[in-house]
$ cat upload12.txt   # compact mmCIF, C-alpha atoms
# COMPACT_ATOMS: atom_id res chain seq x y z
CA GLU A 1 84.74 41.95 -58.01
CA GLU A 2 84.68 44.76 -55.42
CA LEU A 3 83.83 47.35 -58.09
CA SER A 4 81.12 45.30 -59.78
CA SER A 5 79.38 44.11 -56.62
CA GLY A 6 79.53 47.38 -54.72
CA SER A 7 81.70 47.68 -51.67
CA GLN A 8 80.19 47.52 -48.20
CA ASN A 9 82.51 50.43 -47.48
CA ALA A 10 80.88 52.72 -50.01
CA GLU A 11 80.67 56.32 -48.89
CA ARG A 12 77.48 58.29 -48.61
CA THR A 13 76.51 61.75 -47.43
CA ILE A 14 74.55 62.31 -44.23
CA THR A 15 73.27 65.64 -42.96
CA ILE A 16 72.58 66.24 -39.28
CA ILE A 17 70.09 69.11 -38.99
CA PRO A 18 70.48 71.80 -36.30
CA GLY A 19 67.88 71.27 -33.59
CA TRP A 20 67.75 67.50 -33.98
CA THR A 21 67.87 65.49 -30.76
CA VAL A 22 69.95 62.37 -30.19
CA GLU A 23 66.81 60.33 -30.93
CA ASP A 24 66.22 62.21 -34.19
CA VAL A 25 69.77 61.44 -35.32
CA ALA A 26 69.39 57.76 -34.41
CA ARG A 27 66.12 57.41 -36.35
CA TYR A 28 67.64 59.18 -39.35
CA LEU A 29 70.58 56.76 -39.49
CA VAL A 30 68.20 53.80 -39.34
CA GLU A 31 66.04 55.28 -42.11
CA LEU A 32 69.16 55.52 -44.28
CA LYS A 33 69.90 51.87 -43.43
CA ILE A 34 73.33 52.82 -42.09
CA LEU A 35 72.32 51.37 -38.72
CA GLY A 36 70.08 48.36 -38.31
CA ASN A 37 68.33 49.80 -35.25
CA THR A 38 68.66 52.67 -32.80
CA ASP A 39 69.56 50.61 -29.71
CA GLU A 40 73.36 50.81 -29.68
CA PHE A 41 73.49 54.43 -30.82
CA LEU A 42 71.06 55.54 -28.09
CA SER A 43 72.79 53.45 -25.44
CA LEU A 44 76.19 55.00 -26.23
CA CYS A 45 74.70 58.51 -26.22
CA LYS A 46 72.84 57.90 -22.98
CA SER A 47 75.89 56.97 -20.92
CA GLY A 48 78.58 58.97 -22.75
CA GLU A 49 81.19 56.97 -20.85
CA SER A 50 83.03 55.78 -23.95
CA TYR A 51 83.88 59.33 -25.05
CA SER A 52 85.69 60.88 -22.10
CA GLY A 53 88.75 61.18 -24.36
CA TYR A 54 87.13 64.37 -25.65
CA TYR A 55 87.97 67.13 -23.16
CA PHE A 56 84.49 68.65 -23.24
CA ILE A 57 82.82 65.29 -22.65
CA GLU A 58 85.20 64.58 -19.77
CA GLU A 59 84.27 67.94 -18.20
CA MET A 60 80.56 67.37 -18.78
CA MET A 61 80.70 63.89 -17.22
CA LYS A 62 82.01 65.46 -14.00
CA THR A 63 78.91 67.64 -13.55
CA ASP A 64 76.39 66.85 -10.83
CA THR A 65 73.58 66.81 -13.37
CA VAL A 66 74.78 64.22 -15.86
CA SER A 67 72.82 61.39 -14.23
CA GLN A 68 69.59 63.39 -14.63
CA ARG A 69 69.96 63.90 -18.38
CA ARG A 70 68.05 61.92 -20.93
CA TYR A 71 71.26 61.55 -22.95
CA ALA A 72 74.74 62.53 -21.78
CA LEU A 73 75.79 63.36 -25.35
CA GLU A 74 72.74 65.50 -26.15
CA GLY A 75 73.99 68.81 -27.53
CA TYR A 76 77.38 67.53 -28.65
CA LEU A 77 76.54 65.75 -31.93
CA SER A 78 77.59 68.62 -34.16
CA PRO A 79 75.09 69.37 -36.96
CA ASN A 80 76.82 69.30 -40.33
CA THR A 81 77.10 67.35 -43.57
CA TYR A 82 79.41 64.34 -43.45
CA GLU A 83 80.79 61.70 -45.77
CA ILE A 84 80.74 58.36 -43.98
CA TYR A 85 81.12 54.71 -44.91
CA THR A 86 77.80 52.87 -45.14
CA SER A 87 79.29 50.15 -42.93
CA SER A 88 80.14 52.63 -40.15
CA SER A 89 79.28 51.55 -36.63
CA ALA A 90 77.30 53.67 -34.17
CA ASP A 91 80.52 54.31 -32.26
CA THR A 92 82.36 55.49 -35.38
CA ILE A 93 79.59 57.91 -36.32
CA ILE A 94 79.37 59.35 -32.81
CA LYS A 95 83.13 59.94 -32.76
CA ARG A 96 82.89 61.69 -36.13
CA LEU A 97 80.25 64.09 -34.82
CA LEU A 98 82.12 64.75 -31.57
CA THR A 99 85.34 65.41 -33.47
CA GLN A 100 83.52 68.03 -35.53
CA MET A 101 82.25 69.67 -32.33
CA GLU A 102 85.81 69.76 -31.01
CA ALA A 103 87.01 71.44 -34.20
CA ALA A 104 84.12 73.90 -34.46
CA TYR A 105 84.16 75.10 -30.84
CA LEU A 106 87.06 77.50 -31.13
CA THR A 107 89.53 78.47 -28.40
CA GLY A 108 88.06 81.97 -28.41
CA TYR A 109 84.68 80.53 -27.47
CA ASP A 110 86.15 79.05 -24.28
CA GLU A 111 87.65 82.43 -23.43
CA ARG A 112 84.34 84.20 -24.03
CA ALA A 113 82.48 81.61 -21.93
CA GLN A 114 84.86 82.29 -19.05
CA GLU A 115 84.15 86.04 -19.39
CA LEU A 116 80.46 85.22 -18.97
CA GLY A 117 81.16 82.92 -16.04
CA MET A 118 79.88 79.92 -18.02
CA THR A 119 81.22 76.47 -18.81
CA MET A 120 81.13 75.04 -22.32
CA ASP A 121 78.35 72.71 -21.18
CA GLU A 122 76.27 75.68 -20.02
CA VAL A 123 76.88 77.46 -23.33
CA ILE A 124 75.75 74.38 -25.27
CA THR A 125 72.68 74.06 -23.04
CA LEU A 126 71.70 77.69 -23.60
CA ALA A 127 72.41 77.39 -27.33
CA SER A 128 70.12 74.36 -27.58
CA MET A 129 67.26 76.40 -26.12
CA ILE A 130 67.95 79.29 -28.49
CA GLU A 131 67.98 76.85 -31.44
CA LYS A 132 64.52 75.57 -30.55
CA GLU A 133 62.98 78.94 -29.63
CA ALA A 134 63.82 81.09 -32.64
CA LYS A 135 64.85 81.50 -36.23
CA LYS A 136 68.48 82.41 -36.87
CA SER A 137 67.65 86.11 -37.28
CA ASP A 138 66.37 86.24 -33.69
CA PHE A 139 68.99 84.02 -32.04
CA ALA A 140 70.97 86.89 -30.45
CA LYS A 141 67.80 88.62 -29.18
CA VAL A 142 66.46 85.45 -27.56
CA SER A 143 69.91 84.93 -26.07
CA ALA A 144 69.73 88.43 -24.57
CA VAL A 145 66.36 87.68 -22.96
CA PHE A 146 67.69 84.46 -21.41
CA HIS A 147 70.88 86.16 -20.18
CA ASN A 148 68.80 88.97 -18.66
CA ARG A 149 66.49 86.52 -16.90
CA LEU A 150 69.45 84.58 -15.52
CA LYS A 151 70.97 87.80 -14.18
CA ALA A 152 67.64 88.79 -12.62
CA ASP A 153 67.35 85.36 -10.94
CA MET A 154 64.11 84.67 -12.81
CA THR A 155 62.98 81.33 -14.16
CA LEU A 156 63.63 81.02 -17.89
CA GLY A 157 60.06 79.87 -18.52
CA SER A 158 60.90 78.14 -21.79
CA ASP A 159 58.27 75.93 -23.44
CA VAL A 160 60.84 73.99 -25.44
CA THR A 161 62.54 72.55 -22.36
CA ILE A 162 59.27 71.07 -21.13
CA LYS A 163 58.47 69.62 -24.54
CA TYR A 164 61.88 67.93 -24.49
CA ALA A 165 61.22 66.53 -21.01
CA THR A 166 57.85 65.05 -21.99
CA GLY A 167 58.73 64.09 -25.56
CA SER A 168 55.48 65.75 -26.61
CA GLU A 169 54.39 68.96 -28.29
CA LYS A 170 51.76 69.41 -25.59
CA MET A 171 52.58 71.71 -22.70
CA VAL A 172 52.43 70.09 -19.26
CA LEU A 173 53.69 72.87 -17.00
CA GLY A 174 53.42 70.81 -13.83
CA VAL A 175 55.75 68.07 -15.05
CA ASN A 176 58.32 67.24 -12.38
CA SER A 177 61.54 67.35 -14.36
CA ALA A 178 65.02 68.83 -14.10
CA TYR A 179 64.27 70.23 -17.58
CA ASN A 180 61.27 72.27 -16.32
CA THR A 181 62.40 75.90 -16.60
CA TYR A 182 59.05 77.16 -15.27
CA THR A 183 59.45 75.60 -11.83
CA ARG A 184 63.26 75.61 -11.57
CA LYS A 185 65.56 78.59 -11.84
CA GLY A 186 68.66 78.62 -14.00
CA LEU A 187 69.44 76.54 -17.05
CA PRO A 188 67.86 73.12 -17.52
CA VAL A 189 69.81 70.06 -16.45
CA GLY A 190 71.42 69.77 -19.89
CA PRO A 191 71.02 70.52 -23.61
CA ILE A 192 67.68 69.74 -25.25
CA CYS A 193 68.96 69.31 -28.81
CA ASN A 194 72.11 69.53 -30.88
CA PRO A 195 72.49 73.24 -31.68
CA SER A 196 74.08 74.90 -34.70
CA MET A 197 77.25 76.94 -34.33
CA ASP A 198 75.10 80.01 -35.03
CA ALA A 199 73.10 79.29 -31.89
CA ILE A 200 76.30 78.65 -29.92
CA VAL A 201 77.74 81.99 -31.04
CA ALA A 202 74.45 83.68 -30.08
CA ALA A 203 74.64 82.11 -26.60
CA LEU A 204 78.12 83.60 -26.23
CA TYR A 205 77.31 86.96 -27.79
CA PRO A 206 73.73 88.04 -26.96
CA ASP A 207 72.35 91.16 -28.63
CA GLU A 208 74.03 93.98 -26.69
CA GLN A 209 71.18 96.46 -27.19
CA TYR A 210 68.58 93.99 -25.91
CA VAL A 211 70.80 93.16 -22.93
CA ALA A 212 71.30 96.86 -22.11
CA GLN A 213 67.59 97.63 -22.47
CA LYS A 214 66.76 94.64 -20.25
CA TYR A 215 64.32 92.78 -22.47
CA LEU A 216 62.85 89.93 -20.41
CA TYR A 217 60.08 88.42 -22.53
CA PHE A 218 59.27 87.17 -25.99
CA CYS A 219 56.34 85.41 -27.59
CA SER A 220 55.40 84.12 -31.00
CA THR A 221 53.53 86.49 -33.27
CA ASP A 222 52.44 83.97 -35.90
CA PRO A 223 53.51 80.33 -35.41
CA ALA A 224 53.47 79.77 -39.16
CA SER A 225 56.15 82.43 -39.71
CA GLY A 226 58.23 81.85 -36.59
CA GLU A 227 58.45 85.60 -35.93
CA LEU A 228 58.83 86.72 -32.31
CA HIS A 229 57.67 89.78 -30.35
CA PHE A 230 59.99 91.03 -27.59
CA SER A 231 58.94 92.93 -24.46
CA LYS A 232 60.69 94.58 -21.52
CA THR A 233 57.93 94.32 -18.91
CA LEU A 234 55.34 91.74 -17.94
CA GLU A 235 52.56 94.21 -18.77
CA GLU A 236 53.91 94.64 -22.31
CA HIS A 237 54.30 90.88 -22.65
CA ASN A 238 50.75 90.15 -21.49
CA ALA A 239 49.42 92.70 -23.98
CA ALA A 240 51.38 91.01 -26.78
CA VAL A 241 50.12 87.59 -25.75
CA ALA A 242 46.52 88.86 -25.82
CA MET A 243 47.11 90.36 -29.26
CA TYR A 244 48.63 87.28 -30.85
CA ARG A 245 46.72 84.49 -29.08
CA PRO A 246 44.00 84.34 -31.80
CA LEU A 247 46.72 83.55 -34.35
CA TRP A 248 48.06 80.72 -32.17
CA GLU A 249 44.58 79.30 -31.71
CA GLU A 250 43.90 79.47 -35.44
CA TYR A 251 47.24 77.75 -36.10
CA ASP A 252 46.34 74.95 -33.65
CA ARG A 253 42.95 74.45 -35.31
CA SER A 254 44.47 74.29 -38.79

$ encode --input "upload12.txt" --output "structure tokens"
Amino acid sequence: EELSSGSQNAERTITIIPGWTVEDVARYLVELKILGNTDEFLSLCKSGESYSGYYFIEEMMKTDTVSQRRYALEGYLSPNTYEIYTSSSADTIIKRLLTQMEAAYLTGYDERAQELGMTMDEVITLASMIEKEAKKSDFAKVSAVFHNRLKADMTLGSDVTIKYATGSEKMVLGVNSAYNTYTRKGLPVGPICNPSMDAIVAALYPDEQYVAQKYLYFCSTDPASGELHFSKTLEEHNAAVAMYRPLWEEYDRS
């Protein structure tokens, strides 16, 4: 009877894409009809209180900034492909993703983070910005720019953190948010997406040449391609912006 009717515990494959937010993951699971709605999943991710058994969640929950985050678990739902039961609860799925993060974040990464004077939470936060700002080929270079700006006590000036704060693709630079890296120095209050391990590795190991040469700026060359132009000085950056702005404007119009 179980075989002929189809078990409620049938397995199916889900794929969590690098760069997805908690809300993206929730909507995806509803679209697949694994969850009936997003409410419980989002509620569990917002508080994070049920998952302090994971050492990295316990550490993150002790930070002063956790109450200011949109979702406590943002950044920790490890992108990957999973086999899950179609009857899985929101709690079960979250634990599966957190367990993968625990397995993927190697002991050596903790040691490297300590060398950089960073916590795992700060590494994940930086990695989430790198994930949203660049293609994989430029991850380490973007990481170098952010590391250099942090060392120079500059604002990070990242568009993607503001877009996360507003939930919109439009830029509202004056938005009063702990995610606004134009008005506040240092990293944003927490991760802005769930980054790939490639982005995490880039956060830990920025491009050494770009760090040494003190690159401080980057901008998009052609939004359609995702290619970036890197500059060392503000003058060079402004010249690049002037050069590529027509391509951005054309992209917006199209």

$ closest_residue --input "upload12.txt" --among "A:Lys62, A:Lys46, A:Tyr54, A:Thr86" --to "A:Val30" --atoms "only C-alpha atoms"
A:Thr86

$ closest_atom_pairs --input "upload12.txt" --of "stretch 74-126 of chain A" --to "stretch 183-202 of chain A" --cutoff "12 Å" --atoms "all atoms listed in the file" --output "CSV"
residue,atom,partner,partner_atom,distance
A:Glu74,CA,A:Pro191,CA,5.9
A:Gly75,CA,A:Asn194,CA,3.9
A:Tyr76,CA,A:Asn194,CA,6.1
A:Leu77,CA,A:Asn194,CA,5.9
A:Ser78,CA,A:Asn194,CA,6.5
A:Pro79,CA,A:Ser196,CA,6.1
A:Asn80,CA,A:Ser196,CA,8.4
A:Leu97,CA,A:Asn194,CA,10.6
A:Leu98,CA,A:Asn194,CA,11.1
A:Gln100,CA,A:Met197,CA,11.0
A:Met101,CA,A:Met197,CA,9.0
A:Glu102,CA,A:Met197,CA,11.7
A:Ala103,CA,A:Met197,CA,11.2
A:Ala104,CA,A:Met197,CA,7.5
A:Tyr105,CA,A:Met197,CA,8.0
A:Leu106,CA,A:Met197,CA,10.3
A:Gly108,CA,A:Val201,CA,10.6
A:Tyr109,CA,A:Val201,CA,7.9
A:Asp110,CA,A:Val201,CA,11.2
A:Arg112,CA,A:Val201,CA,9.9
A:Ala113,CA,A:Val201,CA,10.3
A:Met118,CA,A:Leu187,CA,11.0
A:Thr119,CA,A:Leu187,CA,11.9
A:Met120,CA,A:Ile200,CA,9.7
A:Asp121,CA,A:Gly190,CA,7.6
A:Glu122,CA,A:Leu187,CA,7.5
A:Val123,CA,A:Ile200,CA,6.7
A:Ile124,CA,A:Pro191,CA,6.3
A:Thr125,CA,A:Pro191,CA,4.0
A:Leu126,CA,A:Leu187,CA,7.0

$ write_last_selection --input "upload12.txt" --atoms "C-alpha atoms" --output "PDB file, in the coordinates of the input"
ATOM      1  CA  GLU A  74      72.740  65.500 -26.150  1.00  0.00           C
ATOM      2  CA  GLY A  75      73.990  68.810 -27.530  1.00  0.00           C
ATOM      3  CA  TYR A  76      77.380  67.530 -28.650  1.00  0.00           C
ATOM      4  CA  LEU A  77      76.540  65.750 -31.930  1.00  0.00           C
ATOM      5  CA  SER A  78      77.590  68.620 -34.160  1.00  0.00           C
ATOM      6  CA  PRO A  79      75.090  69.370 -36.960  1.00  0.00           C
ATOM      7  CA  ASN A  80      76.820  69.300 -40.330  1.00  0.00           C
ATOM      8  CA  LEU A  97      80.250  64.090 -34.820  1.00  0.00           C
ATOM      9  CA  LEU A  98      82.120  64.750 -31.570  1.00  0.00           C
ATOM     10  CA  GLN A 100      83.520  68.030 -35.530  1.00  0.00           C
ATOM     11  CA  MET A 101      82.250  69.670 -32.330  1.00  0.00           C
ATOM     12  CA  GLU A 102      85.810  69.760 -31.010  1.00  0.00           C
ATOM     13  CA  ALA A 103      87.010  71.440 -34.200  1.00  0.00           C
ATOM     14  CA  ALA A 104      84.120  73.900 -34.460  1.00  0.00           C
ATOM     15  CA  TYR A 105      84.160  75.100 -30.840  1.00  0.00           C
ATOM     16  CA  LEU A 106      87.060  77.500 -31.130  1.00  0.00           C
ATOM     17  CA  GLY A 108      88.060  81.970 -28.410  1.00  0.00           C
ATOM     18  CA  TYR A 109      84.680  80.530 -27.470  1.00  0.00           C
ATOM     19  CA  ASP A 110      86.150  79.050 -24.280  1.00  0.00           C
ATOM     20  CA  ARG A 112      84.340  84.200 -24.030  1.00  0.00           C
ATOM     21  CA  ALA A 113      82.480  81.610 -21.930  1.00  0.00           C
ATOM     22  CA  MET A 118      79.880  79.920 -18.020  1.00  0.00           C
ATOM     23  CA  THR A 119      81.220  76.470 -18.810  1.00  0.00           C
ATOM     24  CA  MET A 120      81.130  75.040 -22.320  1.00  0.00           C
ATOM     25  CA  ASP A 121      78.350  72.710 -21.180  1.00  0.00           C
ATOM     26  CA  GLU A 122      76.270  75.680 -20.020  1.00  0.00           C
ATOM     27  CA  VAL A 123      76.880  77.460 -23.330  1.00  0.00           C
ATOM     28  CA  ILE A 124      75.750  74.380 -25.270  1.00  0.00           C
ATOM     29  CA  THR A 125      72.680  74.060 -23.040  1.00  0.00           C
ATOM     30  CA  LEU A 126      71.700  77.690 -23.600  1.00  0.00           C
TER      31      LEU A 126
END

$ residues_around --input "upload12.txt" --residues "stretch 139-148 of chain A" --least-positions-apart "3" --cutoff "9 Å" --atoms "only C-alpha atoms" --output "number ranges by chain"
A: 126-127, 129-131, 133-136, 151-154, 156, 198-199, 201-212, 214-218, 230

$ residues_around --input "upload12.txt" --residues "stretch 35-41 of chain A" --least-positions-apart "4" --cutoff "9 Å" --atoms "all atoms listed in the file" --output "number ranges by chain"
A: 22-23, 26-27, 29-31, 45-46, 86-91, 93-94

$ closest_residue --input "upload12.txt" --among "A:Tyr251, A:Gln114, A:Val241, A:Arg70" --to "A:Ala165" --atoms "only C-alpha atoms"
A:Arg70

$ closest_residue --input "upload12.txt" --among "A:Thr92, A:Ser47, A:Thr81, A:Asn180" --to "A:Thr13" --atoms "only C-alpha atoms"
A:Thr81

$ closest_residue --input "upload12.txt" --among "A:Ser137, A:Ser254, A:Gly53, A:Tyr85" --to "A:Lys33" --atoms "all atoms listed in the file"
A:Tyr85

$ closest_residue --input "upload12.txt" --among "A:Pro246, A:Gly226, A:Gly19, A:Gly157" --to "A:Asp138" --atoms "only C-alpha atoms"
A:Gly226
